[in-house]
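Worksheet: the structure to be examined is printed underneath.
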Amino acid sequence: MATDTSTYKLNHTMIRVKDPKKSLEFYGFLGLSQINKLDFEEAKFSLYFLAYNGPNSLSGERHWTDRNGVLELTHNYGTENDPNYTVANGNTEPHRGFGHIAISVDNIELACKRLEDAGFPFQKKLTEGRMRHIAFVKDPDGYWVELIRRTDESVAAGVTSTDPKSYRLNHTMLRVKDAEVSLRFYQETMGMELVKESQNESAKFNLYFLGYPGSNPPVKKDASNPVAEWEGLLELTWNYGTEKQEGRVYHDGNSEPQGFGHICISVDDLDAACARFESLNVTWKKRLTDGRMKNVAFILDPDGYWIEVIQNETLKSRSKW
C-alpha cells in the first residue's frame, strides 16, 4: 500500500460552540451551508459541517470529505442553556493559540457593511487601525473571523454587490512557537506546500501559508494575495523570540478552557497514510486502532495542536457518514 500526499486535503477546522442555532445563523449569513451533520446521542454531542456549496463555490457539490475549507461546529448538549459556559477564542492571554478562520470575499467594503447592518460585532472594522485591507468580525462565541479580498482592488472596483455564496473559507491561523520546526513538520510530515510567506520585522512576526494545491486554483503570482482564491490554507504565525521560551508557549484549545479543537486532513488511503506517519515517528494523540472509533486518527503537531486524519470517501469508501 502507498499513499500520495499530493491528494490530501486540509478538510476542516473544528471549533466548539455554545448554541448551534446562533452559530448556524451567523455562518449561514456568511454564505456557508450545512453539508453534513453527525449526531452522537449516547455521548451527547453533535457535529455540524459547513462549507461553501453549489455552482459559485470552489468545491461544487463534492462529498464533505473530498473538500478543502470545511468548518466543523461541535455542540455538547446543554451548553446553550448553561449561563456559565463560554469558549476560549484563542486570542486572550494566557490562552492564546488558535487565532482565527479567514474568509475571502468578492467585495470587502460591501461584505463588511452587510455584516455591520445586520448588527454583528467587529473585533476590527475595515476603517480601524493601520491595516485597512482586512477586517475581523466576531461570531456568537467570540471567535475571530477575518475578512480578506478575493481579488485586487482594481479588479473588484466594478463589483457593486456582494454574493456570500461566492466567498471562500480561505485559511485557519495557528500561532507557533518555532517557525522552523513547524514548517518542517507540515511540509515534510503532512506533505503541505509553502505557497506564501510574509515578514513584518517592525512588528516582529512572520506569516507562513501552507496548503495542498491539488483542487485549488493556480497561484496568481502577480496578485497582491496570490492564494486569495484558495480554500483550506493553514496560516502559521510566528512571533519573534518564542522559540527561545521554555516549554509549551501556546494553548492547544483542548485543555481547559476549551475552544478550538483541531484541523483535519483527509487522505487517499487512511491505513497507508497512518502507516507512513508511524514510520515518520509522529506523536499520536490517537492511533487508528485506539478507542472505539476505528475510522479516525489524531496526530499532535510540534505545538500540541491536534490534527485529525480521515479517509477521503470519494477516493476510497470506508465510513458511511
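Residues in the C-alpha cells are numbered from 1 in each chain, the chains being A, B, ... in the order shown, and ligands are numbered from 1 in the order shown.
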
Among range 82-308 of chain A, which ones does DSSP assign to strand (DSSP E) (computed from the backbone)? Answer as an MDAnalysis selection string. chainID A and resid 98:105 122:124 135:138 144:149 168:176 193:200 205:211 233:239 260:267 283:286 297:300 306:308

Picked from range 109-316 of chain A by DSSP as alpha helix (DSSP H), as a short mmCIF file (atom, residue, chain, number, x, y, z; two decimals) with all heavy atoms, in the first residue's frame:
data_model
loop_
_atom_site.label_atom_id
_atom_site.label_comp_id
_atom_site.auth_asym_id
_atom_site.auth_seq_id
_atom_site.Cartn_x
_atom_site.Cartn_y
_atom_site.Cartn_z
N GLU A 109 -15.65 45.86 1.16
CA GLU A 109 -16.39 47.00 1.72
C GLU A 109 -17.87 46.66 1.89
O GLU A 109 -18.47 46.91 2.95
CB GLU A 109 -16.23 48.23 0.82
CG GLU A 109 -14.84 48.85 0.83
CD GLU A 109 -13.85 48.14 -0.07
OE1 GLU A 109 -14.27 47.24 -0.85
OE2 GLU A 109 -12.65 48.46 -0.01
N LEU A 110 -18.47 46.08 0.85
CA LEU A 110 -19.88 45.74 0.92
C LEU A 110 -20.14 44.55 1.85
O LEU A 110 -21.17 44.51 2.53
CB LEU A 110 -20.41 45.42 -0.48
CG LEU A 110 -20.48 46.62 -1.44
CD1 LEU A 110 -20.99 46.16 -2.81
CD2 LEU A 110 -21.37 47.72 -0.88
N ALA A 111 -19.20 43.61 1.90
CA ALA A 111 -19.35 42.48 2.82
C ALA A 111 -19.35 42.96 4.27
O ALA A 111 -20.16 42.51 5.08
CB ALA A 111 -18.23 41.47 2.59
N CYS A 112 -18.44 43.90 4.58
CA CYS A 112 -18.38 44.44 5.95
C CYS A 112 -19.63 45.26 6.28
O CYS A 112 -20.17 45.16 7.39
CB CYS A 112 -17.13 45.28 6.11
SG CYS A 112 -15.61 44.31 6.20
N LYS A 113 -20.09 46.05 5.32
CA LYS A 113 -21.29 46.87 5.55
C LYS A 113 -22.49 45.97 5.81
O LYS A 113 -23.31 46.26 6.71
CB LYS A 113 -21.55 47.78 4.35
CG LYS A 113 -22.75 48.73 4.56
CD LYS A 113 -22.98 49.62 3.36
CE LYS A 113 -24.07 50.64 3.64
NZ LYS A 113 -25.36 50.01 4.06
N ARG A 114 -22.60 44.90 5.05
CA ARG A 114 -23.71 43.97 5.22
C ARG A 114 -23.69 43.37 6.63
O ARG A 114 -24.74 43.24 7.27
CB ARG A 114 -23.60 42.87 4.16
CG ARG A 114 -24.68 41.82 4.19
CD ARG A 114 -24.57 40.89 2.97
NE ARG A 114 -25.51 39.77 3.08
CZ ARG A 114 -25.23 38.61 3.65
NH1 ARG A 114 -24.02 38.41 4.17
NH2 ARG A 114 -26.13 37.65 3.71
N LEU A 115 -22.52 43.01 7.14
CA LEU A 115 -22.40 42.44 8.48
C LEU A 115 -22.70 43.50 9.55
O LEU A 115 -23.36 43.21 10.55
CB LEU A 115 -20.99 41.87 8.67
CG LEU A 115 -20.72 40.54 7.97
CD1 LEU A 115 -19.22 40.31 7.79
CD2 LEU A 115 -21.34 39.38 8.74
N GLU A 116 -22.19 44.72 9.33
CA GLU A 116 -22.46 45.80 10.29
C GLU A 116 -23.95 46.11 10.34
O GLU A 116 -24.52 46.28 11.43
CB GLU A 116 -21.67 47.05 9.88
CG GLU A 116 -20.18 46.97 10.16
CD GLU A 116 -19.48 48.29 9.88
OE1 GLU A 116 -19.93 49.31 10.45
OE2 GLU A 116 -18.52 48.30 9.09
N ASP A 117 -24.59 46.19 9.17
CA ASP A 117 -26.02 46.49 9.12
C ASP A 117 -26.84 45.42 9.82
O ASP A 117 -27.92 45.71 10.36
CB ASP A 117 -26.48 46.63 7.67
CG ASP A 117 -25.95 47.89 7.00
OD1 ASP A 117 -25.43 48.76 7.71
OD2 ASP A 117 -26.04 47.98 5.75
N GLU A 153 -7.96 45.25 -5.71
CA GLU A 153 -8.91 46.36 -5.70
C GLU A 153 -9.28 46.81 -7.10
O GLU A 153 -10.43 47.14 -7.37
CB GLU A 153 -8.31 47.52 -4.91
CG GLU A 153 -9.34 48.51 -4.42
CD GLU A 153 -8.78 49.45 -3.38
OE1 GLU A 153 -7.59 49.35 -3.07
OE2 GLU A 153 -9.55 50.29 -2.89
N SER A 154 -8.31 46.81 -8.01
CA SER A 154 -8.57 47.28 -9.37
C SER A 154 -9.60 46.38 -10.07
O SER A 154 -10.43 46.84 -10.85
CB SER A 154 -7.28 47.30 -10.19
OG SER A 154 -6.70 46.00 -10.22
N VAL A 155 -9.55 45.09 -9.76
CA VAL A 155 -10.49 44.15 -10.36
C VAL A 155 -11.85 44.28 -9.70
O VAL A 155 -12.89 44.25 -10.34
CB VAL A 155 -9.96 42.70 -10.22
CG1 VAL A 155 -10.97 41.72 -10.81
CG2 VAL A 155 -8.61 42.57 -10.91
N ALA A 156 -11.83 44.44 -8.36
CA ALA A 156 -13.08 44.48 -7.60
C ALA A 156 -13.82 45.80 -7.76
O ALA A 156 -14.97 45.92 -7.34
CB ALA A 156 -12.78 44.24 -6.12
N ALA A 179 9.05 28.56 14.18
CA ALA A 179 8.65 28.51 12.77
C ALA A 179 9.40 27.43 12.01
O ALA A 179 8.80 26.69 11.21
CB ALA A 179 8.89 29.87 12.11
N GLU A 180 10.68 27.30 12.26
CA GLU A 180 11.48 26.31 11.53
C GLU A 180 10.99 24.89 11.79
O GLU A 180 10.84 24.08 10.88
CB GLU A 180 12.96 26.45 11.93
CG GLU A 180 13.90 25.58 11.12
CD GLU A 180 15.36 25.79 11.50
OE1 GLU A 180 15.70 26.89 11.98
OE2 GLU A 180 16.14 24.84 11.29
N VAL A 181 10.73 24.60 13.04
CA VAL A 181 10.26 23.26 13.42
C VAL A 181 8.87 22.99 12.83
O VAL A 181 8.61 21.92 12.27
CB VAL A 181 10.23 23.12 14.96
CG1 VAL A 181 9.52 21.84 15.38
CG2 VAL A 181 11.65 23.17 15.52
N SER A 182 7.96 23.95 12.93
CA SER A 182 6.60 23.76 12.43
C SER A 182 6.56 23.65 10.91
O SER A 182 5.83 22.82 10.36
CB SER A 182 5.69 24.90 12.90
OG SER A 182 5.50 24.84 14.30
N LEU A 183 7.35 24.47 10.22
CA LEU A 183 7.38 24.40 8.76
C LEU A 183 7.91 23.04 8.30
O LEU A 183 7.38 22.45 7.35
CB LEU A 183 8.25 25.52 8.20
CG LEU A 183 7.63 26.92 8.23
CD1 LEU A 183 8.67 27.98 7.89
CD2 LEU A 183 6.45 27.01 7.25
N ARG A 184 8.92 22.56 8.96
CA ARG A 184 9.47 21.24 8.61
C ARG A 184 8.40 20.16 8.81
O ARG A 184 8.21 19.28 7.97
CB ARG A 184 10.70 20.93 9.44
CG ARG A 184 11.41 19.64 9.01
CD ARG A 184 12.59 19.30 9.92
NE ARG A 184 13.44 20.45 10.13
CZ ARG A 184 13.72 20.97 11.33
NH1 ARG A 184 13.18 20.44 12.42
NH2 ARG A 184 14.51 22.01 11.43
N LEU A 270 -6.46 5.77 4.26
CA LEU A 270 -6.25 6.06 5.67
C LEU A 270 -5.23 5.12 6.32
O LEU A 270 -4.36 5.56 7.08
CB LEU A 270 -7.59 5.99 6.41
CG LEU A 270 -7.59 6.40 7.88
CD1 LEU A 270 -7.04 7.80 8.08
CD2 LEU A 270 -9.02 6.31 8.45
N ASP A 271 -5.32 3.83 6.02
CA ASP A 271 -4.37 2.88 6.61
C ASP A 271 -2.95 3.15 6.14
O ASP A 271 -2.01 3.15 6.93
CB ASP A 271 -4.79 1.45 6.28
CG ASP A 271 -6.10 1.05 6.94
OD1 ASP A 271 -6.14 0.99 8.18
OD2 ASP A 271 -7.08 0.84 6.21
N ALA A 272 -2.80 3.39 4.84
CA ALA A 272 -1.47 3.64 4.29
C ALA A 272 -0.90 4.96 4.81
O ALA A 272 0.29 5.06 5.11
CB ALA A 272 -1.52 3.66 2.77
N ALA A 273 -1.75 5.97 4.91
CA ALA A 273 -1.29 7.27 5.42
C ALA A 273 -0.82 7.15 6.86
O ALA A 273 0.23 7.68 7.24
CB ALA A 273 -2.41 8.30 5.30
N CYS A 274 -1.59 6.42 7.67
CA CYS A 274 -1.20 6.27 9.08
C CYS A 274 0.06 5.43 9.22
O CYS A 274 0.88 5.68 10.11
CB CYS A 274 -2.35 5.66 9.88
SG CYS A 274 -3.69 6.85 10.18
N ALA A 275 0.24 4.45 8.33
CA ALA A 275 1.49 3.67 8.34
C ALA A 275 2.68 4.58 8.01
O ALA A 275 3.75 4.46 8.61
CB ALA A 275 1.39 2.52 7.34
N ARG A 276 2.48 5.48 7.06
CA ARG A 276 3.55 6.43 6.73
C ARG A 276 3.84 7.33 7.92
O ARG A 276 5.01 7.58 8.26
CB ARG A 276 3.14 7.27 5.51
CG ARG A 276 4.13 8.38 5.16
CD ARG A 276 3.67 9.19 3.96
NE ARG A 276 4.53 10.35 3.76
CZ ARG A 276 4.36 11.52 4.37
NH1 ARG A 276 3.34 11.68 5.21
NH2 ARG A 276 5.19 12.52 4.15
N PHE A 277 2.79 7.86 8.56
CA PHE A 277 3.01 8.72 9.73
C PHE A 277 3.74 7.96 10.83
O PHE A 277 4.61 8.51 11.50
CB PHE A 277 1.67 9.26 10.25
CG PHE A 277 1.00 10.25 9.35
CD1 PHE A 277 -0.36 10.16 9.08
CD2 PHE A 277 1.71 11.28 8.76
CE1 PHE A 277 -0.99 11.08 8.25
CE2 PHE A 277 1.10 12.21 7.93
CZ PHE A 277 -0.25 12.10 7.67
N GLU A 278 3.39 6.71 11.01
CA GLU A 278 4.07 5.88 12.01
C GLU A 278 5.56 5.76 11.69
O GLU A 278 6.41 5.86 12.59
CB GLU A 278 3.42 4.49 12.03
CG GLU A 278 3.92 3.58 13.14
CD GLU A 278 3.36 3.94 14.50
OE1 GLU A 278 2.14 4.13 14.63
OE2 GLU A 278 4.16 4.03 15.46
N SER A 279 5.88 5.58 10.42
CA SER A 279 7.28 5.44 10.01
C SER A 279 8.06 6.73 10.21
O SER A 279 9.30 6.70 10.32
CB SER A 279 7.36 5.01 8.53
OG SER A 279 7.02 6.08 7.66
#

Which residues of range 111-194 of chain A come within 8 Å of range 232-242 of chain A, and for each one, what is the closest pair of atoms and their distance in Å to one decimal, counting only C-alpha atoms, sorted by chain and residue number, as JSON lines?
{"residue": "A:Leu169", "atom": "CA", "partner": "A:Gly232", "partner_atom": "CA", "distance": 6.8}
{"residue": "A:Asn170", "atom": "CA", "partner": "A:Gly232", "partner_atom": "CA", "distance": 5.7}
{"residue": "A:His171", "atom": "CA", "partner": "A:Leu233", "partner_atom": "CA", "distance": 4.3}
{"residue": "A:Thr172", "atom": "CA", "partner": "A:Leu234", "partner_atom": "CA", "distance": 5.1}
{"residue": "A:Met173", "atom": "CA", "partner": "A:Glu235", "partner_atom": "CA", "distance": 4.5}
{"residue": "A:Leu174", "atom": "CA", "partner": "A:Leu236", "partner_atom": "CA", "distance": 5.2}
{"residue": "A:Arg175", "atom": "CA", "partner": "A:Thr237", "partner_atom": "CA", "distance": 4.6}
{"residue": "A:Val176", "atom": "CA", "partner": "A:Trp238", "partner_atom": "CA", "distance": 5.4}
{"residue": "A:Lys177", "atom": "CA", "partner": "A:Thr242", "partner_atom": "CA", "distance": 5.2}
{"residue": "A:Asp178", "atom": "CA", "partner": "A:Thr242", "partner_atom": "CA", "distance": 6.7}
{"residue": "A:Ala179", "atom": "CA", "partner": "A:Trp238", "partner_atom": "CA", "distance": 5.8}

Dump N, CA and C atoms for the selected residues as a tab-separated table (two decimals), in the first residue's frame?
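Generated file (part25.tsv):
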chain	number	residue	atom	x	y	z
A	169	LEU	N	-13.68	29.86	2.18
A	169	LEU	CA	-13.13	29.68	3.51
A	169	LEU	C	-11.62	29.48	3.32
A	170	ASN	N	-10.91	30.60	3.35
A	170	ASN	CA	-9.54	30.65	2.86
A	170	ASN	C	-8.51	29.99	3.77
A	171	HIS	N	-8.49	30.37	5.05
A	171	HIS	CA	-7.45	29.79	5.90
A	171	HIS	C	-7.82	29.73	7.37
A	172	THR	N	-7.00	28.98	8.09
A	172	THR	CA	-7.08	28.87	9.55
A	172	THR	C	-5.73	29.27	10.11
A	173	MET	N	-5.74	30.16	11.09
A	173	MET	CA	-4.48	30.64	11.66
A	173	MET	C	-4.19	30.01	13.01
A	174	LEU	N	-2.96	29.52	13.15
A	174	LEU	CA	-2.44	29.00	14.41
A	174	LEU	C	-1.13	29.68	14.74
A	175	ARG	N	-0.94	30.05	15.99
A	175	ARG	CA	0.35	30.58	16.43
A	175	ARG	C	1.29	29.42	16.75
A	176	VAL	N	2.54	29.57	16.34
A	176	VAL	CA	3.52	28.50	16.58
A	176	VAL	C	4.74	29.05	17.31
A	177	LYS	N	5.33	28.19	18.12
A	177	LYS	CA	6.48	28.58	18.92
A	177	LYS	C	7.73	28.73	18.07
A	178	ASP	N	8.01	27.75	17.22
A	178	ASP	CA	9.25	27.71	16.44
A	178	ASP	C	8.91	27.51	14.98
A	179	ALA	N	9.05	28.56	14.18
A	179	ALA	CA	8.65	28.51	12.77
A	179	ALA	C	9.40	27.43	12.01

Spatial neighbours of Tyr52 in chain A, max dist 10 Å, only C-alpha atoms, sep filter under 2 positions, as a list in words: Gly28, Leu30, Gly31, Leu32, Ser33, Gln34, Ile35, Leu50, Gly54, Pro55, Asn56, Ser57, Leu58, Ser59, Gly60, Glu61, Arg67, Gly69, Val70, Leu71, Pro164, Lys165, Ser166, Tyr167, Arg168, Leu169 and Glu231 of chain A

Pick from A:Ala223, A:Val296, A:Ile108, A:Ile310 nearest to Thr160 in chain A, counting only C-alpha atoms: A:Ile108

Quick one: residues within 10 Å of Tyr8 in chain A, only C-alpha atoms, excluding same-chain residues fewer than 4 positions away - as a PyMOL selection string? chain A and resi 3-4+66-68+190-192+211-215+265-269+273+309+311-312

Export of prior selection with N, CA, C and O atoms as a short mmCIF file (atom, residue, chain, number, x, y, z; two decimals), in the first residue's frame:
data_model
loop_
_atom_site.label_atom_id
_atom_site.label_comp_id
_atom_site.auth_asym_id
_atom_site.auth_seq_id
_atom_site.Cartn_x
_atom_site.Cartn_y
_atom_site.Cartn_z
N THR A 3 0.66 5.81 -0.18
CA THR A 3 -0.19 6.99 -0.02
C THR A 3 0.48 8.17 -0.69
O THR A 3 1.71 8.31 -0.66
N ASP A 4 -0.31 9.00 -1.32
CA ASP A 4 0.21 10.13 -2.11
C ASP A 4 -0.25 11.43 -1.45
O ASP A 4 -1.43 11.79 -1.52
N ASP A 66 -14.22 15.26 0.69
CA ASP A 66 -13.44 15.49 -0.53
C ASP A 66 -13.32 16.98 -0.83
O ASP A 66 -13.43 17.41 -1.96
N ARG A 67 -13.14 17.76 0.24
CA ARG A 67 -13.09 19.22 0.11
C ARG A 67 -11.94 19.78 0.96
O ARG A 67 -11.54 19.20 1.96
N ASN A 68 -11.50 20.95 0.56
CA ASN A 68 -10.74 21.83 1.44
C ASN A 68 -11.72 22.83 2.05
O ASN A 68 -12.78 23.10 1.49
N MET A 190 3.38 16.28 6.90
CA MET A 190 1.99 16.37 6.44
C MET A 190 1.89 16.58 4.93
O MET A 190 0.79 16.52 4.37
N GLY A 191 3.00 16.84 4.26
CA GLY A 191 3.00 16.93 2.80
C GLY A 191 2.46 18.21 2.22
O GLY A 191 2.12 18.28 1.03
N MET A 192 2.36 19.27 3.04
CA MET A 192 1.86 20.54 2.54
C MET A 192 2.95 21.31 1.79
O MET A 192 4.14 21.04 1.95
N GLY A 211 -0.56 24.72 2.18
CA GLY A 211 -1.78 24.04 1.76
C GLY A 211 -1.48 22.96 0.76
O GLY A 211 -0.31 22.65 0.45
N TYR A 212 -2.54 22.35 0.25
CA TYR A 212 -2.45 21.31 -0.77
C TYR A 212 -2.97 21.89 -2.09
O TYR A 212 -4.17 22.17 -2.21
N PRO A 213 -2.09 22.09 -3.07
CA PRO A 213 -2.51 22.72 -4.33
C PRO A 213 -3.59 21.94 -5.08
O PRO A 213 -4.45 22.54 -5.73
N GLY A 214 -3.55 20.61 -5.00
CA GLY A 214 -4.49 19.70 -5.66
C GLY A 214 -5.67 20.30 -6.37
O GLY A 214 -5.63 20.56 -7.57
N SER A 215 -6.77 20.54 -5.64
CA SER A 215 -8.00 21.02 -6.26
C SER A 215 -8.17 22.52 -6.11
O SER A 215 -9.26 23.05 -6.33
N ILE A 265 -7.10 16.53 8.20
CA ILE A 265 -6.59 16.20 6.87
C ILE A 265 -7.35 14.98 6.36
O ILE A 265 -7.47 13.98 7.06
N SER A 266 -7.89 15.06 5.13
CA SER A 266 -8.48 13.87 4.51
C SER A 266 -7.45 13.30 3.53
O SER A 266 -6.77 14.05 2.82
N VAL A 267 -7.34 11.97 3.52
CA VAL A 267 -6.26 11.31 2.79
C VAL A 267 -6.80 10.29 1.81
O VAL A 267 -7.96 9.86 1.89
N ASP A 268 -5.93 9.86 0.89
CA ASP A 268 -6.33 8.91 -0.16
C ASP A 268 -6.56 7.51 0.37
O ASP A 268 -7.44 6.79 -0.06
N ASP A 269 -5.73 7.08 1.33
CA ASP A 269 -5.83 5.75 1.92
C ASP A 269 -5.47 5.87 3.39
O ASP A 269 -4.30 6.07 3.73
N ALA A 273 -1.75 5.97 4.91
CA ALA A 273 -1.29 7.27 5.42
C ALA A 273 -0.82 7.15 6.86
O ALA A 273 0.23 7.68 7.24
N VAL A 309 -7.03 12.83 11.16
CA VAL A 309 -6.77 12.23 9.84
C VAL A 309 -7.95 11.32 9.53
O VAL A 309 -8.29 10.42 10.31
N GLN A 311 -10.47 9.42 6.13
CA GLN A 311 -10.48 8.93 4.76
C GLN A 311 -11.27 9.87 3.85
O GLN A 311 -12.38 10.29 4.20
N ASN A 312 -10.70 10.21 2.70
CA ASN A 312 -11.47 10.88 1.64
C ASN A 312 -12.36 9.82 1.01
O ASN A 312 -11.89 8.92 0.32
#

Quick one: residues within 10 Å of Glu229 in chain A, only C-alpha atoms counted, chain neighbours fewer than 4 positions away excluded, as JSON, numbers by chain? {"A": [58, 103, 104, 105, 106, 149, 150, 151, 167, 168, 169, 170, 216, 217, 218, 219, 220, 225]}

Within 12 Å of Gly247 in chain A, counting only C-alpha atoms, which residues show up once you throw out same-chain ones fewer than 2 positions away? Write them as a list of chain:residue names, please. A:Lys177, A:Asp178, A:Thr242, A:Glu243, A:Lys244, A:Gln245, A:Val249, A:Tyr250, A:His251, A:Pro302, A:Asp303, A:Gly304

Output all heavy atoms for every residue in the selection just made, as an mmCIF file, in the first residue's frame.
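Resulting contents of out-v5.cif:
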data_model
loop_
_atom_site.group_PDB
_atom_site.id
_atom_site.type_symbol
_atom_site.label_atom_id
_atom_site.label_comp_id
_atom_site.auth_asym_id
_atom_site.auth_seq_id
_atom_site.Cartn_x
_atom_site.Cartn_y
_atom_site.Cartn_z
ATOM 1 N N LYS A 177 5.326 28.192 18.115
ATOM 2 C CA LYS A 177 6.481 28.577 18.918
ATOM 3 C C LYS A 177 7.733 28.734 18.071
ATOM 4 O O LYS A 177 8.468 29.713 18.191
ATOM 5 C CB LYS A 177 6.717 27.521 20.004
ATOM 6 C CG LYS A 177 7.992 27.710 20.821
ATOM 7 C CD LYS A 177 8.145 26.613 21.856
ATOM 8 C CE LYS A 177 9.458 26.764 22.620
ATOM 9 N NZ LYS A 177 9.580 25.760 23.702
ATOM 10 N N ASP A 178 8.009 27.753 17.216
ATOM 11 C CA ASP A 178 9.251 27.715 16.444
ATOM 12 C C ASP A 178 8.910 27.510 14.976
ATOM 13 O O ASP A 178 8.503 26.419 14.569
ATOM 14 C CB ASP A 178 10.144 26.578 16.955
ATOM 15 C CG ASP A 178 11.549 26.604 16.367
ATOM 16 O OD1 ASP A 178 11.678 26.885 15.164
ATOM 17 O OD2 ASP A 178 12.511 26.316 17.106
ATOM 18 N N THR A 242 9.738 33.533 20.436
ATOM 19 C CA THR A 242 9.019 32.498 21.185
ATOM 20 C C THR A 242 9.766 31.170 21.165
ATOM 21 O O THR A 242 9.631 30.364 22.093
ATOM 22 C CB THR A 242 7.599 32.289 20.633
ATOM 23 O OG1 THR A 242 7.672 32.065 19.219
ATOM 24 C CG2 THR A 242 6.725 33.498 20.911
ATOM 25 N N GLU A 243 10.578 30.965 20.122
ATOM 26 C CA GLU A 243 11.323 29.700 20.025
ATOM 27 C C GLU A 243 12.348 29.543 21.152
ATOM 28 O O GLU A 243 12.818 28.440 21.440
ATOM 29 C CB GLU A 243 12.005 29.585 18.654
ATOM 30 C CG GLU A 243 13.239 30.463 18.446
ATOM 31 C CD GLU A 243 12.930 31.928 18.143
ATOM 32 O OE1 GLU A 243 11.750 32.310 18.184
ATOM 33 O OE2 GLU A 243 13.889 32.670 17.855
ATOM 34 N N LYS A 244 12.670 30.649 21.821
ATOM 35 C CA LYS A 244 13.661 30.613 22.915
ATOM 36 C C LYS A 244 13.011 30.387 24.285
ATOM 37 O O LYS A 244 13.706 30.221 25.283
ATOM 38 C CB LYS A 244 14.449 31.918 22.928
ATOM 39 C CG LYS A 244 15.250 32.155 21.648
ATOM 40 C CD LYS A 244 15.896 33.538 21.648
ATOM 41 C CE LYS A 244 16.616 33.798 20.330
ATOM 42 N NZ LYS A 244 17.164 35.187 20.270
ATOM 43 N N GLN A 245 11.667 30.400 24.318
ATOM 44 C CA GLN A 245 10.976 30.214 25.586
ATOM 45 C C GLN A 245 10.960 28.743 25.991
ATOM 46 O O GLN A 245 10.948 27.847 25.146
ATOM 47 C CB GLN A 245 9.535 30.750 25.495
ATOM 48 C CG GLN A 245 9.447 32.248 25.284
ATOM 49 C CD GLN A 245 8.016 32.743 25.168
ATOM 50 O OE1 GLN A 245 7.683 33.569 24.319
ATOM 51 N NE2 GLN A 245 7.139 32.245 26.037
ATOM 52 N N VAL A 249 4.321 27.082 24.667
ATOM 53 C CA VAL A 249 4.038 28.518 24.607
ATOM 54 C C VAL A 249 2.554 28.784 24.392
ATOM 55 O O VAL A 249 1.997 29.726 24.963
ATOM 56 C CB VAL A 249 4.873 29.188 23.489
ATOM 57 C CG1 VAL A 249 4.456 30.648 23.289
ATOM 58 C CG2 VAL A 249 6.363 29.099 23.817
ATOM 59 N N TYR A 250 1.897 27.950 23.577
ATOM 60 C CA TYR A 250 0.526 28.249 23.174
ATOM 61 C C TYR A 250 -0.470 27.200 23.668
ATOM 62 O O TYR A 250 -0.137 26.028 23.863
ATOM 63 C CB TYR A 250 0.441 28.390 21.652
ATOM 64 C CG TYR A 250 1.204 29.587 21.147
ATOM 65 C CD1 TYR A 250 2.319 29.446 20.317
ATOM 66 C CD2 TYR A 250 0.835 30.879 21.531
ATOM 67 C CE1 TYR A 250 3.018 30.554 19.872
ATOM 68 C CE2 TYR A 250 1.538 31.986 21.084
ATOM 69 C CZ TYR A 250 2.637 31.825 20.258
ATOM 70 O OH TYR A 250 3.337 32.922 19.829
ATOM 71 N N HIS A 251 -1.703 27.659 23.836
ATOM 72 C CA HIS A 251 -2.811 26.836 24.304
ATOM 73 C C HIS A 251 -3.372 26.036 23.128
ATOM 74 O O HIS A 251 -3.642 26.602 22.066
ATOM 75 C CB HIS A 251 -3.890 27.755 24.894
ATOM 76 C CG HIS A 251 -5.078 27.052 25.459
ATOM 77 N ND1 HIS A 251 -5.000 26.193 26.527
ATOM 78 C CD2 HIS A 251 -6.386 27.081 25.103
ATOM 79 C CE1 HIS A 251 -6.206 25.726 26.816
ATOM 80 N NE2 HIS A 251 -7.064 26.258 25.962
ATOM 81 N N PRO A 302 3.996 20.033 16.481
ATOM 82 C CA PRO A 302 5.038 20.421 17.443
ATOM 83 C C PRO A 302 4.550 21.299 18.593
ATOM 84 O O PRO A 302 5.195 21.343 19.649
ATOM 85 C CB PRO A 302 6.054 21.166 16.565
ATOM 86 C CG PRO A 302 5.900 20.553 15.216
ATOM 87 C CD PRO A 302 4.431 20.300 15.091
ATOM 88 N N ASP A 303 3.421 22.010 18.406
ATOM 89 C CA ASP A 303 2.885 22.854 19.473
ATOM 90 C C ASP A 303 1.782 22.171 20.271
ATOM 91 O O ASP A 303 1.198 22.789 21.167
ATOM 92 C CB ASP A 303 2.356 24.176 18.881
ATOM 93 C CG ASP A 303 3.484 25.089 18.446
ATOM 94 O OD1 ASP A 303 4.002 25.828 19.283
ATOM 95 O OD2 ASP A 303 3.861 25.016 17.264
ATOM 96 N N GLY A 304 1.489 20.921 19.935
ATOM 97 C CA GLY A 304 0.449 20.197 20.646
ATOM 98 C C GLY A 304 -0.941 20.375 20.071
ATOM 99 O O GLY A 304 -1.922 19.873 20.640
#

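CA of Phe120 in chain A is found 10.3 Å from CA of Phe29 in chain A.
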
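Reported to one decimal place, the separation of CA of Glu201 in chain A from CA of Trp306 in chain A is 29.4 Å.
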
Could you pull the residues within 10 Å of Thr79 in chain A, counting only C-alpha atoms, minus those fewer than 4 positions along the same chain, as a list of chain:residue names?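 Within the cut-off, the hits are A:Val17, A:Lys18, A:Asp19, A:Pro20, A:His75, A:Pro83, A:Asn84, A:Tyr85, A:Thr86.
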
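In this model, the gap between CA of Thr189 in chain A and CA of Leu288 in chain A comes to 17.4 Å.
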
Given the choices A:Gly90, A:Gly78, A:Gly259, A:Pro226, which gets closest to Val195 in chain A if the distance is worked out from only C-alpha atoms? A:Pro226
